[in-house]
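Quick look at my_file_1.txt (compact mmCIF, C-alpha atoms and all ligand atoms):
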```txt
# COMPACT_ATOMS: atom_id res chain seq x y z
CA MET Z 1 1.87 -24.33 -19.19
CA LYS Z 2 5.46 -24.40 -17.95
CA ILE Z 3 6.66 -22.11 -15.18
CA GLY Z 4 10.36 -21.30 -14.90
CA VAL Z 5 11.83 -19.75 -11.80
CA LEU Z 6 15.25 -18.28 -11.14
CA GLY Z 7 16.31 -19.59 -7.74
CA SER Z 8 15.67 -22.98 -6.19
CA GLY Z 9 15.44 -22.48 -2.42
CA GLN Z 10 12.51 -22.98 -0.09
CA LEU Z 11 10.40 -20.31 -1.80
CA GLY Z 12 10.80 -22.13 -5.11
CA GLN Z 13 10.03 -25.39 -3.35
CA MET Z 14 6.77 -24.04 -1.97
CA MET Z 15 5.84 -22.53 -5.35
CA CYS Z 16 6.47 -25.92 -6.96
CA LEU Z 17 4.25 -27.62 -4.37
CA GLU Z 18 1.39 -25.36 -5.47
CA ALA Z 19 2.12 -25.32 -9.20
CA VAL Z 20 2.29 -29.05 -9.87
CA PRO Z 21 -1.16 -29.94 -8.45
CA LEU Z 22 -2.60 -27.12 -10.58
CA GLY Z 23 -1.24 -28.89 -13.64
CA TYR Z 24 1.74 -26.66 -14.40
CA GLY Z 25 5.25 -27.84 -15.18
CA PHE Z 26 7.78 -26.39 -12.77
CA TYR Z 27 11.38 -25.63 -13.75
CA CYS Z 28 14.01 -24.02 -11.56
CA TYR Z 29 17.39 -22.51 -12.38
CA SER Z 30 20.21 -21.85 -9.90
CA PRO Z 31 23.87 -22.67 -9.28
CA GLU Z 32 22.91 -25.12 -6.50
CA LYS Z 33 22.63 -28.87 -6.75
CA ASN Z 34 20.15 -30.87 -4.63
CA SER Z 35 18.18 -27.73 -3.95
CA PRO Z 36 14.96 -27.60 -1.92
CA ALA Z 37 12.93 -27.04 -5.12
CA GLU Z 38 14.56 -29.96 -6.92
CA LYS Z 39 13.83 -32.21 -3.95
CA VAL Z 40 10.08 -31.80 -4.44
CA GLY Z 41 10.22 -32.47 -8.16
CA ALA Z 42 11.14 -29.20 -9.86
CA LYS Z 43 13.11 -29.85 -13.05
CA ALA Z 44 16.45 -28.25 -12.27
CA THR Z 45 18.99 -26.48 -14.44
CA THR Z 46 22.23 -26.00 -12.53
CA SER Z 47 24.12 -23.02 -13.86
CA SER Z 48 25.21 -19.53 -12.92
CA TYR Z 49 23.00 -16.46 -12.95
CA GLU Z 50 25.62 -14.69 -15.05
CA SER Z 51 25.48 -17.16 -17.92
CA LEU Z 52 23.17 -15.50 -20.44
CA ASP Z 53 23.49 -18.47 -22.83
CA GLN Z 54 22.18 -20.87 -20.21
CA ILE Z 55 19.49 -18.44 -19.11
CA GLU Z 56 18.35 -18.05 -22.70
CA LYS Z 57 18.15 -21.83 -23.10
CA PHE Z 58 16.17 -22.05 -19.88
CA ILE Z 59 13.62 -19.41 -20.85
CA ASN Z 60 13.12 -21.04 -24.23
CA GLU Z 61 11.82 -24.11 -22.40
CA VAL Z 62 9.17 -22.29 -20.35
CA ASP Z 63 6.06 -20.16 -20.95
CA VAL Z 64 6.43 -17.80 -18.03
CA LEU Z 65 9.46 -16.81 -15.98
CA SER Z 66 9.46 -15.72 -12.35
CA PHE Z 67 11.85 -15.37 -9.43
CA GLU Z 68 12.18 -16.80 -5.97
CA PHE Z 69 15.53 -15.09 -5.34
CA GLU Z 70 16.01 -11.36 -5.88
CA ASN Z 71 19.77 -11.01 -6.13
CA ILE Z 72 19.99 -11.83 -9.82
CA PRO Z 73 22.80 -9.85 -11.54
CA LYS Z 74 21.60 -6.63 -13.14
CA GLN Z 75 22.97 -7.65 -16.54
CA THR Z 76 20.80 -10.77 -16.47
CA LEU Z 77 17.77 -8.72 -15.43
CA ASP Z 78 18.38 -6.30 -18.30
CA PHE Z 79 18.62 -9.26 -20.65
CA LEU Z 80 15.30 -10.61 -19.34
CA SER Z 81 13.62 -7.22 -19.74
CA ASN Z 82 14.32 -7.45 -23.47
CA GLN Z 83 12.89 -10.94 -24.01
CA LYS Z 84 9.87 -11.08 -26.27
CA ASN Z 85 9.14 -14.82 -26.26
CA VAL Z 86 8.53 -15.30 -22.60
CA SER Z 87 6.45 -13.37 -20.07
CA VAL Z 88 8.50 -12.30 -17.08
CA PHE Z 89 6.62 -11.62 -13.82
CA PRO Z 90 7.29 -9.60 -11.73
CA PRO Z 91 8.99 -7.10 -14.07
CA PRO Z 92 12.82 -7.28 -13.73
CA LYS Z 93 12.76 -3.55 -12.90
CA ALA Z 94 11.14 -4.42 -9.55
CA LEU Z 95 14.16 -6.57 -8.69
CA ILE Z 96 16.60 -3.88 -9.83
CA ILE Z 97 14.98 -1.45 -7.39
CA ALA Z 98 14.72 -3.96 -4.52
CA GLN Z 99 18.40 -4.93 -4.86
CA ASP Z 100 19.69 -1.44 -4.21
CA ARG Z 101 18.64 0.03 -0.87
CA PHE Z 102 19.21 3.59 -2.12
CA LEU Z 103 17.06 3.14 -5.24
CA GLU Z 104 14.47 1.38 -3.11
CA LYS Z 105 14.16 4.04 -0.40
CA SER Z 106 14.28 6.82 -3.03
CA HIS Z 107 11.41 5.09 -4.83
CA PHE Z 108 9.41 5.01 -1.56
CA ARG Z 109 10.02 8.71 -1.04
CA LYS Z 110 8.95 9.48 -4.61
CA LEU Z 111 5.67 7.75 -3.83
CA GLY Z 112 5.30 10.03 -0.81
CA PHE Z 113 5.90 7.36 1.84
CA ARG Z 114 7.60 7.88 5.17
CA THR Z 115 10.95 6.08 5.56
CA ALA Z 116 13.88 6.31 7.94
CA ASN Z 117 16.16 9.20 6.89
CA PHE Z 118 18.97 7.81 4.79
CA PHE Z 119 22.27 8.70 3.16
CA HIS Z 120 23.99 6.94 0.28
CA LEU Z 121 27.57 6.31 1.44
CA THR Z 122 30.18 5.73 -1.24
CA ARG Z 123 33.90 6.43 -1.49
CA ASP Z 124 32.91 9.78 -3.05
CA THR Z 125 30.43 10.83 -0.37
CA ALA Z 126 32.46 9.60 2.63
CA ASN Z 127 33.82 13.08 3.37
CA ILE Z 128 30.40 14.74 3.43
CA ALA Z 129 28.86 15.40 6.85
CA VAL Z 130 25.81 13.21 7.38
CA ALA Z 131 22.85 15.19 8.67
CA ILE Z 132 21.21 12.31 10.50
CA PRO Z 133 21.34 12.17 14.31
CA PHE Z 134 22.87 9.03 15.87
CA PRO Z 135 22.21 6.16 16.30
CA TRP Z 136 22.42 4.81 12.75
CA ILE Z 137 22.26 1.46 11.09
CA ILE Z 138 24.65 1.17 8.19
CA LYS Z 139 23.63 -1.47 5.68
CA THR Z 140 25.52 -2.74 2.69
CA LEU Z 141 23.77 -1.30 -0.35
CA ARG Z 142 23.15 -4.71 -1.89
CA PHE Z 143 22.88 -8.39 -1.00
CA GLY Z 144 21.86 -8.03 2.64
CA TYR Z 145 19.43 -10.51 4.14
CA ASP Z 146 18.50 -11.56 7.67
CA GLY Z 147 20.31 -8.47 8.96
CA LYS Z 148 23.62 -9.55 7.40
CA GLY Z 149 25.88 -6.69 6.37
CA GLN Z 150 24.43 -4.32 8.99
CA VAL Z 151 26.21 -2.44 11.76
CA LYS Z 152 24.90 -0.08 14.37
CA ILE Z 153 26.82 3.19 14.70
CA ARG Z 154 26.26 5.26 17.85
CA THR Z 155 28.95 7.96 17.77
CA GLU Z 156 31.17 9.99 15.47
CA GLU Z 157 34.13 7.88 16.69
CA GLU Z 158 32.40 4.64 15.71
CA TYR Z 159 31.67 6.14 12.30
CA LYS Z 160 35.32 7.10 11.81
CA GLU Z 161 36.32 3.58 12.76
CA PHE Z 162 33.81 2.19 10.31
CA LEU Z 163 35.17 4.39 7.52
CA ASN Z 164 38.70 3.10 8.13
CA THR Z 165 37.81 -0.25 6.59
CA ALA Z 166 34.63 0.59 4.67
CA PHE Z 167 36.21 0.98 1.25
CA LEU Z 168 38.84 -1.74 1.21
CA SER Z 169 36.89 -3.06 -1.73
CA ASP Z 170 36.30 -0.49 -4.47
CA ALA Z 171 32.79 -1.72 -5.08
CA SER Z 172 31.62 -1.08 -1.50
CA GLU Z 173 28.56 1.09 -1.11
CA TYR Z 174 26.28 1.52 1.87
CA LEU Z 175 23.08 3.08 3.04
CA ILE Z 176 23.20 4.92 6.35
CA GLU Z 177 19.81 4.85 8.04
CA GLU Z 178 18.42 6.56 11.08
CA VAL Z 179 17.37 3.98 13.69
CA ILE Z 180 13.59 3.97 14.03
CA PRO Z 181 12.67 3.04 17.62
CA PHE Z 182 9.62 1.19 16.38
CA GLN Z 183 6.91 -0.33 18.55
CA LYS Z 184 6.13 -3.08 16.08
CA GLU Z 185 7.21 -4.50 12.76
CA ILE Z 186 4.48 -5.46 10.34
CA SER Z 187 4.36 -6.58 6.75
CA ILE Z 188 1.88 -6.68 3.94
CA ILE Z 189 1.78 -9.66 1.64
CA LEU Z 190 -0.20 -9.03 -1.48
CA THR Z 191 -0.64 -10.62 -4.87
CA ARG Z 192 -1.29 -8.47 -7.90
CA PHE Z 193 -2.87 -10.16 -10.91
CA GLN Z 194 -2.40 -9.36 -14.59
CA ASN Z 195 -5.70 -7.46 -14.69
CA GLY Z 196 -4.40 -5.17 -11.93
CA ASP Z 197 -6.57 -6.62 -9.16
CA ILE Z 198 -4.93 -7.19 -5.81
CA VAL Z 199 -5.56 -9.89 -3.23
CA CYS Z 200 -4.37 -8.98 0.26
CA TYR Z 201 -5.25 -10.38 3.69
CA GLY Z 202 -4.00 -7.34 5.61
CA ALA Z 203 -1.04 -6.83 7.89
CA VAL Z 204 0.90 -9.53 9.68
CA GLU Z 205 2.93 -8.71 12.79
CA ASN Z 206 6.54 -9.88 12.94
CA GLU Z 207 9.07 -10.50 15.69
CA HIS Z 208 12.75 -10.95 14.95
CA LYS Z 209 15.45 -12.68 17.02
CA ASP Z 210 19.09 -11.93 16.24
CA HIS Z 211 17.88 -10.08 13.11
CA ILE Z 212 16.14 -13.17 11.77
CA LEU Z 213 12.38 -13.46 11.54
CA ASP Z 214 11.20 -15.61 14.45
CA LEU Z 215 7.43 -15.30 14.77
CA SER Z 216 4.60 -13.94 12.62
CA ILE Z 217 1.18 -13.23 14.04
CA PHE Z 218 -1.79 -12.93 11.69
CA PRO Z 219 -3.73 -10.74 11.82
CA ALA Z 220 -1.47 -7.99 13.16
CA ARG Z 221 -2.76 -6.49 16.40
CA ILE Z 222 -2.94 -2.92 15.11
CA PRO Z 223 -5.75 -0.36 14.66
CA VAL Z 224 -7.98 -0.90 11.62
CA ALA Z 225 -7.02 2.47 10.12
CA LEU Z 226 -3.30 1.60 10.18
CA ASN Z 227 -4.01 -1.77 8.61
CA LEU Z 228 -5.87 -0.07 5.78
CA GLU Z 229 -3.11 2.49 5.37
CA ALA Z 230 -0.48 -0.26 5.11
CA ILE Z 231 -2.55 -2.12 2.50
CA GLU Z 232 -2.97 1.10 0.54
CA MET Z 233 0.75 1.89 0.62
CA ALA Z 234 1.75 -1.62 -0.45
CA SER Z 235 -0.85 -1.55 -3.24
CA LYS Z 236 0.41 1.80 -4.47
CA LEU Z 237 3.95 0.41 -4.45
CA ALA Z 238 2.85 -2.67 -6.42
CA GLU Z 239 1.10 -0.48 -8.98
CA SER Z 240 4.10 1.81 -9.35
CA LEU Z 241 6.21 -1.25 -10.22
CA HIS Z 242 3.58 -2.72 -12.62
CA TYR Z 243 3.96 -5.70 -10.38
CA VAL Z 244 2.47 -9.12 -11.10
CA GLY Z 245 2.81 -11.88 -8.51
CA THR Z 246 3.24 -11.98 -4.75
CA LEU Z 247 5.03 -9.12 -3.04
CA GLY Z 248 6.18 -8.69 0.57
CA VAL Z 249 6.42 -5.18 2.04
CA GLU Z 250 8.00 -4.51 5.44
CA PHE Z 251 7.02 -1.62 7.71
CA PHE Z 252 8.00 -0.21 11.07
CA LEU Z 253 5.23 1.12 13.24
CA LEU Z 254 6.07 4.09 15.49
CA ASP Z 255 3.50 6.30 17.23
CA ASN Z 256 0.76 5.49 14.73
CA HIS Z 257 3.05 6.23 11.79
CA LEU Z 258 4.09 3.68 9.21
CA TYR Z 259 7.66 3.76 7.93
CA LEU Z 260 8.38 1.73 4.83
CA ASN Z 261 11.52 -0.36 5.34
CA GLU Z 262 11.89 -2.56 2.30
CA PHE Z 263 10.08 -4.85 -0.11
CA ALA Z 264 10.79 -8.30 -1.43
CA PRO Z 265 9.77 -8.94 -5.06
CA ARG Z 266 8.66 -12.50 -4.31
CA PRO Z 267 6.69 -14.48 -1.73
CA HIS Z 268 7.99 -13.56 1.71
CA ASN Z 269 8.86 -15.40 4.91
CA THR Z 270 6.25 -13.37 6.81
CA GLY Z 271 3.63 -14.70 4.38
CA HIS Z 272 4.22 -18.36 5.17
CA TYR Z 273 1.26 -18.30 7.57
CA THR Z 274 -0.97 -18.18 4.48
CA GLN Z 275 -0.27 -21.86 3.84
CA ASP Z 276 -2.43 -22.77 6.82
CA CYS Z 277 -4.74 -19.78 7.23
CA GLN Z 278 -7.55 -21.73 5.56
CA SER Z 279 -7.48 -19.52 2.50
CA PHE Z 280 -5.15 -19.34 -0.51
CA SER Z 281 -1.42 -19.45 0.19
CA GLN Z 282 0.89 -16.73 -1.08
CA PHE Z 283 2.55 -19.33 -3.32
CA TYR Z 284 -0.73 -20.46 -4.85
CA LEU Z 285 -1.71 -16.84 -5.52
CA HIS Z 286 1.72 -16.12 -7.01
CA VAL Z 287 1.42 -19.05 -9.40
CA GLN Z 288 -2.11 -18.13 -10.44
CA ALA Z 289 -1.15 -14.49 -10.99
CA ILE Z 290 1.89 -15.21 -13.17
CA VAL Z 291 0.09 -17.75 -15.35
CA GLY Z 292 -2.67 -15.21 -16.03
CA LYS Z 293 -5.59 -16.51 -13.97
CA LEU Z 294 -8.17 -14.12 -12.55
CA PRO Z 295 -7.96 -13.45 -8.82
CA PRO Z 296 -10.22 -15.27 -6.37
CA THR Z 297 -13.07 -13.08 -5.14
CA ASP Z 298 -13.93 -14.72 -1.80
CA VAL Z 299 -11.12 -15.02 0.70
CA ARG Z 300 -11.59 -15.70 4.40
CA PRO Z 301 -8.20 -16.09 6.06
CA LYS Z 302 -8.30 -17.13 9.74
CA PRO Z 303 -5.91 -16.21 12.60
CA THR Z 304 -2.63 -18.08 12.19
CA LEU Z 305 0.85 -18.04 13.75
CA MET Z 306 4.10 -18.88 11.99
CA LYS Z 307 7.31 -19.79 13.78
CA ASN Z 308 10.58 -20.21 11.91
CA ILE Z 309 12.72 -23.28 12.56
CA LEU Z 310 16.42 -22.49 12.26
CA GLY Z 311 19.48 -24.72 12.06
CA ASN Z 312 20.37 -23.87 15.67
CA SER Z 313 19.35 -26.86 17.85
CA TYR Z 314 17.48 -28.34 14.90
CA GLU Z 315 17.05 -31.80 16.44
CA GLU Z 316 15.35 -30.35 19.53
CA SER Z 317 13.08 -28.28 17.31
CA LEU Z 318 12.04 -31.39 15.41
CA THR Z 319 11.27 -33.22 18.65
CA ILE Z 320 9.03 -30.32 19.73
CA ALA Z 321 7.41 -30.11 16.30
CA ASN Z 322 6.52 -33.79 16.42
CA GLU Z 323 4.99 -33.35 19.85
CA LEU Z 324 2.89 -30.43 18.57
CA LEU Z 325 1.78 -32.45 15.54
CA LYS Z 326 -0.44 -34.53 17.87
CA ASP Z 327 -2.82 -31.57 17.56
CA ASP Z 328 -4.38 -31.01 14.13
CA ARG Z 329 -3.99 -27.24 14.34
CA TYR Z 330 -0.21 -27.48 13.81
CA HIS Z 331 1.44 -27.88 10.41
CA LEU Z 332 5.10 -28.55 9.76
CA HIS Z 333 6.88 -27.34 6.62
CA LEU Z 334 10.50 -28.48 6.30
CA TYR Z 335 12.64 -27.42 3.36
CA ALA Z 336 14.78 -30.58 2.99
CA LYS Z 337 18.02 -28.60 3.16
CA GLU Z 338 21.21 -30.64 3.14
CA GLU Z 339 22.77 -29.22 6.29
CA ALA Z 340 21.44 -27.56 9.44
CA LYS Z 341 23.62 -24.52 10.06
CA GLN Z 342 23.39 -21.82 12.72
CA GLY Z 343 20.89 -19.19 11.54
CA ARG Z 344 19.85 -21.13 8.43
CA LYS Z 345 16.11 -21.33 7.82
CA MET Z 346 15.32 -25.05 7.82
CA GLY Z 347 11.53 -24.91 7.96
CA HIS Z 348 8.61 -23.38 9.79
CA MET Z 349 5.57 -24.42 11.74
CA ASN Z 350 2.14 -22.87 11.44
CA PHE Z 351 -0.56 -22.89 14.08
CA LYS Z 352 -4.18 -22.41 13.12
CA GLY Z 353 -5.22 -20.13 15.94
CA ASN Z 354 -4.11 -17.13 17.94
CA LEU Z 355 -1.43 -16.43 20.55
CA GLU Z 356 -3.75 -17.10 23.49
CA GLU Z 357 -4.45 -20.63 22.27
CA VAL Z 358 -0.99 -21.78 21.22
CA ASN Z 359 0.90 -24.44 23.17
CA PRO Z 360 3.86 -22.73 24.96
CA LEU Z 361 6.09 -25.37 23.31
CA PHE Z 362 5.53 -23.56 20.00
CA HIS Z 363 7.74 -20.74 21.25
CA GLU Z 364 10.53 -23.24 21.96
CA LEU Z 365 10.75 -24.42 18.35
P1 LIG Z 401 15.54 -9.40 5.85
O1 LIG Z 401 16.13 -10.15 4.76
O2 LIG Z 401 15.60 -10.13 7.17
O3 LIG Z 401 14.21 -8.80 5.62
P2 LIG Z 401 17.58 -7.32 5.54
O4 LIG Z 401 18.87 -7.88 5.97
O5 LIG Z 401 17.34 -7.08 4.11
O6 LIG Z 401 16.42 -8.13 6.18
P3 LIG Z 401 16.24 -5.11 6.87
O7 LIG Z 401 14.92 -5.76 6.76
O8 LIG Z 401 16.34 -3.73 6.38
O9 LIG Z 401 17.43 -5.92 6.28
O10 LIG Z 401 16.67 -5.11 8.41
C1 LIG Z 401 16.55 -6.27 9.23
C2 LIG Z 401 15.95 -5.88 10.57
O11 LIG Z 401 16.78 -4.91 11.22
C3 LIG Z 401 14.59 -5.20 10.47
O12 LIG Z 401 13.56 -6.14 10.38
C4 LIG Z 401 14.58 -4.39 11.77
O13 LIG Z 401 14.28 -5.24 12.86
C5 LIG Z 401 16.00 -3.93 11.88
N1 LIG Z 401 16.17 -2.62 11.22
C6 LIG Z 401 16.54 -2.40 9.94
N2 LIG Z 401 16.56 -1.09 9.62
C7 LIG Z 401 16.18 -0.43 10.74
C8 LIG Z 401 16.01 0.95 11.06
N3 LIG Z 401 16.25 1.93 10.18
N4 LIG Z 401 15.60 1.24 12.33
C9 LIG Z 401 15.37 0.27 13.24
N5 LIG Z 401 15.52 -1.04 12.99
C10 LIG Z 401 15.93 -1.41 11.77
MG MG Z 402 13.82 -6.97 6.06
```

Would you put the structure from the file into structure tokens?
Amino acid sequence: MKIGVLGSGQLGQMMCLEAVPLGYGFYCYSPEKNSPAEKVGAKATTSSYESLDQIEKFINEVDVLSFEFENIPKQTLDFLSNQKNVSVFPPPKALIIAQDRFLEKSHFRKLGFRTANFFHLTRDTANIAVAIPFPWIIKTLRFGYDGKGQVKIRTEEEYKEFLNTAFLSDASEYLIEEVIPFQKEISIILTRFQNGDIVCYGAVENEHKDHILDLSIFPARIPVALNLEAIEMASKLAESLHYVGTLGVEFFLLDNHLYLNEFAPRPHNTGHYTQDCQSFSQFYLHVQAIVGKLPPTDVRPKPTLMKNILGNSYEESLTIANELLKDDRYHLHLYAKEEAKQGRKMGHMNFKGNLEEVNPLFHEL
């Protein structure tokens, strides 16, 4: 069985590291050379996501196609939706929805979920009064990640200023969102199998620094009922998308209410703790789901922390990581990226235990 994946970053790398020992061939496709996935042995095709000829050649080589990167051009996703000779999991439609913040939040609302109030801002709607009280976060409609393409708007004047330059490019579109003064951010990582069964360990609690995920705490320290509600919402979302594979769903928690923020149609950074939670990792479950295996029935994940390692002061982080590795509860996962840049995710460290037990050095990573 050969697995093909569009994208070749760290998520593809970690999928490959699970797929190969299970006996599957692992092929990745992206415009990048020397990618993290290629570095651990994925067979790489280097070409653009727009090139349907190359994509067609690639899918002819594999038995199942998946994604580790969601910003695949819509035309390519439409092309993949029409392929008969290869199974594509998750369905391309899930990526089409996730790519467009307006489609995504509208889909959540259709399912009856609470979200921040939002407004689709385009050149054509820019003169309409927005009935959302300040403050807002304006996000580019597409291609945002790690908080990139987001601005906070506090007053009418700031909004006017924003509009002055908002449509310099014709293609610009945005989503205006009400700021939710949340108490916590949590996420649900689940894997849906081809028979419709779902494996989910429950909510993980996430802390961001400078809009980038910094720390994940599993299990999330939230009431049982909210945990169950989050699992139910994420499962309902997965079902609505006919999803197969691992899915990450982000929530804000405010006064015992869950607001759906967004989903990622792939394994998710906040699910990296699963690699060392003494159960199945999100990458293992993704691989098993897309190749058509049945889900595991006994899962016993243990408390685990995950701390991201960014390109900022990378050398110092590595020194700390090596110190922590004297203790067998710490596990280092580096992505073998070519260059350590400010804000770039270079790796992460997991700790098998809870916050009370972790070495304070972990927070310095
Ligand atoms: P990522 O790739 O990091 O998940 P992204 O760039 O796609 O993120 P979001 O997840 O929507 O964008 O936003 C990043 C972070 O900004 C959120 O995790 C949250 O901390 C904050 N944020 C986003 N939207 C809101 C909102 N409506 N109210 C309050 N905070 C928000
Ligand atoms: Mg997010």

I'd like the box whose edges run along x, y and z of the file and which contains every listed atom of ligand LIG 401 (chain Z), padded by 4 Å per side; could you state its centre and edge lengths in Å, one decimal, as lines of an AutoDock Vina configuration file?
```
center_x = 16.2
center_y = -4.1
center_z = 8.7
size_x = 13.3
size_y = 20.1
size_z = 17.1
```

For this session: Let me have all residues with an atom within 6 Å of ligand LIG 401 (chain Z), counting all atoms listed in the file, laid out as a ChimeraX atom specification.
Result: /Z:116,144-148,177-181,211-212,261

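Taking atom CA of Z:Phe167 and atom CA of Z:Thr122 as endpoints, the distance between them is 8.1 Å.
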
Problem set entry | Z:Gly196 surroundings by only C-alpha atoms, 10 Å radius, close-in-sequence under 4 positions cut, as number ranges by chain | Z: 191-192, 238-239, 242-244, 289, 294-295

Problem set entry | Surrounding residues of Z:Ile59 excluding itself and chain neighbours under 2 positions, 12 Å, only C-alpha atoms, as JSON, numbers by chain | {"Z": [2, 3, 4, 5, 6, 27, 28, 29, 45, 52, 53, 54, 55, 56, 57, 61, 62, 63, 64, 65, 66, 79, 80, 83, 84, 85, 86, 87, 88]}

For this session: Please provide as a PyMOL selection string all residues within 10 Å of Z:Ser216, with the sequence filter that same-chain residues fewer than 5 positions apart are discarded (counting all atoms listed in the file).
Result: chain Z and resi 185-187+204-208+269-273+304-308+350

For this session: Compile the contact shell of stretch 221-230 of chain Z as a PyMOL selection string: residues with an atom at most 8 Å away, counting only C-alpha atoms, same-chain residues fewer than 4 positions apart removed.
Result: chain Z and resi 188+202-203+205+234+256+258

Write out as a PDB file with C-alpha atoms, in the frame of the given file each polymer residue whose atoms come within 10 Å of stretch 12-16 of chain Z, counting all atoms listed in the file; drop sequence neighbours fewer than 3 positions from it.
```pdb
ATOM      1  CA  ILE Z   3       6.660 -22.110 -15.180  1.00  0.00           C
ATOM      2  CA  GLY Z   4      10.360 -21.300 -14.900  1.00  0.00           C
ATOM      3  CA  VAL Z   5      11.830 -19.750 -11.800  1.00  0.00           C
ATOM      4  CA  LEU Z   6      15.250 -18.280 -11.140  1.00  0.00           C
ATOM      5  CA  GLY Z   7      16.310 -19.590  -7.740  1.00  0.00           C
ATOM      6  CA  SER Z   8      15.670 -22.980  -6.190  1.00  0.00           C
ATOM      7  CA  GLY Z   9      15.440 -22.480  -2.420  1.00  0.00           C
ATOM      8  CA  ALA Z  19       2.120 -25.320  -9.200  1.00  0.00           C
ATOM      9  CA  VAL Z  20       2.290 -29.050  -9.870  1.00  0.00           C
ATOM     10  CA  PRO Z  21      -1.160 -29.940  -8.450  1.00  0.00           C
ATOM     11  CA  LEU Z  22      -2.600 -27.120 -10.580  1.00  0.00           C
ATOM     12  CA  TYR Z  24       1.740 -26.660 -14.400  1.00  0.00           C
ATOM     13  CA  GLY Z  25       5.250 -27.840 -15.180  1.00  0.00           C
ATOM     14  CA  PHE Z  26       7.780 -26.390 -12.770  1.00  0.00           C
ATOM     15  CA  TYR Z  27      11.380 -25.630 -13.750  1.00  0.00           C
ATOM     16  CA  CYS Z  28      14.010 -24.020 -11.560  1.00  0.00           C
ATOM     17  CA  TYR Z  29      17.390 -22.510 -12.380  1.00  0.00           C
ATOM     18  CA  SER Z  35      18.180 -27.730  -3.950  1.00  0.00           C
ATOM     19  CA  PRO Z  36      14.960 -27.600  -1.920  1.00  0.00           C
ATOM     20  CA  ALA Z  37      12.930 -27.040  -5.120  1.00  0.00           C
ATOM     21  CA  GLU Z  38      14.560 -29.960  -6.920  1.00  0.00           C
ATOM     22  CA  LYS Z  39      13.830 -32.210  -3.950  1.00  0.00           C
ATOM     23  CA  VAL Z  40      10.080 -31.800  -4.440  1.00  0.00           C
ATOM     24  CA  GLY Z  41      10.220 -32.470  -8.160  1.00  0.00           C
ATOM     25  CA  ALA Z  42      11.140 -29.200  -9.860  1.00  0.00           C
ATOM     26  CA  LYS Z  43      13.110 -29.850 -13.050  1.00  0.00           C
ATOM     27  CA  SER Z  66       9.460 -15.720 -12.350  1.00  0.00           C
ATOM     28  CA  PHE Z  67      11.850 -15.370  -9.430  1.00  0.00           C
ATOM     29  CA  GLU Z  68      12.180 -16.800  -5.970  1.00  0.00           C
ATOM     30  CA  PHE Z  69      15.530 -15.090  -5.340  1.00  0.00           C
ATOM     31  CA  ARG Z 266       8.660 -12.500  -4.310  1.00  0.00           C
ATOM     32  CA  PRO Z 267       6.690 -14.480  -1.730  1.00  0.00           C
ATOM     33  CA  HIS Z 272       4.220 -18.360   5.170  1.00  0.00           C
ATOM     34  CA  GLN Z 275      -0.270 -21.860   3.840  1.00  0.00           C
ATOM     35  CA  SER Z 281      -1.420 -19.450   0.190  1.00  0.00           C
ATOM     36  CA  GLN Z 282       0.890 -16.730  -1.080  1.00  0.00           C
ATOM     37  CA  PHE Z 283       2.550 -19.330  -3.320  1.00  0.00           C
ATOM     38  CA  TYR Z 284      -0.730 -20.460  -4.850  1.00  0.00           C
ATOM     39  CA  LEU Z 285      -1.710 -16.840  -5.520  1.00  0.00           C
ATOM     40  CA  HIS Z 286       1.720 -16.120  -7.010  1.00  0.00           C
ATOM     41  CA  VAL Z 287       1.420 -19.050  -9.400  1.00  0.00           C
ATOM     42  CA  HIS Z 333       6.880 -27.340   6.620  1.00  0.00           C
ATOM     43  CA  TYR Z 335      12.640 -27.420   3.360  1.00  0.00           C
ATOM     44  CA  ALA Z 336      14.780 -30.580   2.990  1.00  0.00           C
TER      45      ALA Z 336
END
```

For this session: Give me, please, the distance in Å between atom CA of Z:Phe252 and atom CA of Z:Asn354, quoted to one decimal.
Result: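 Answer for the atom CA of Z:Phe252 to atom CA of Z:Asn354 separation: 21.9 Å.
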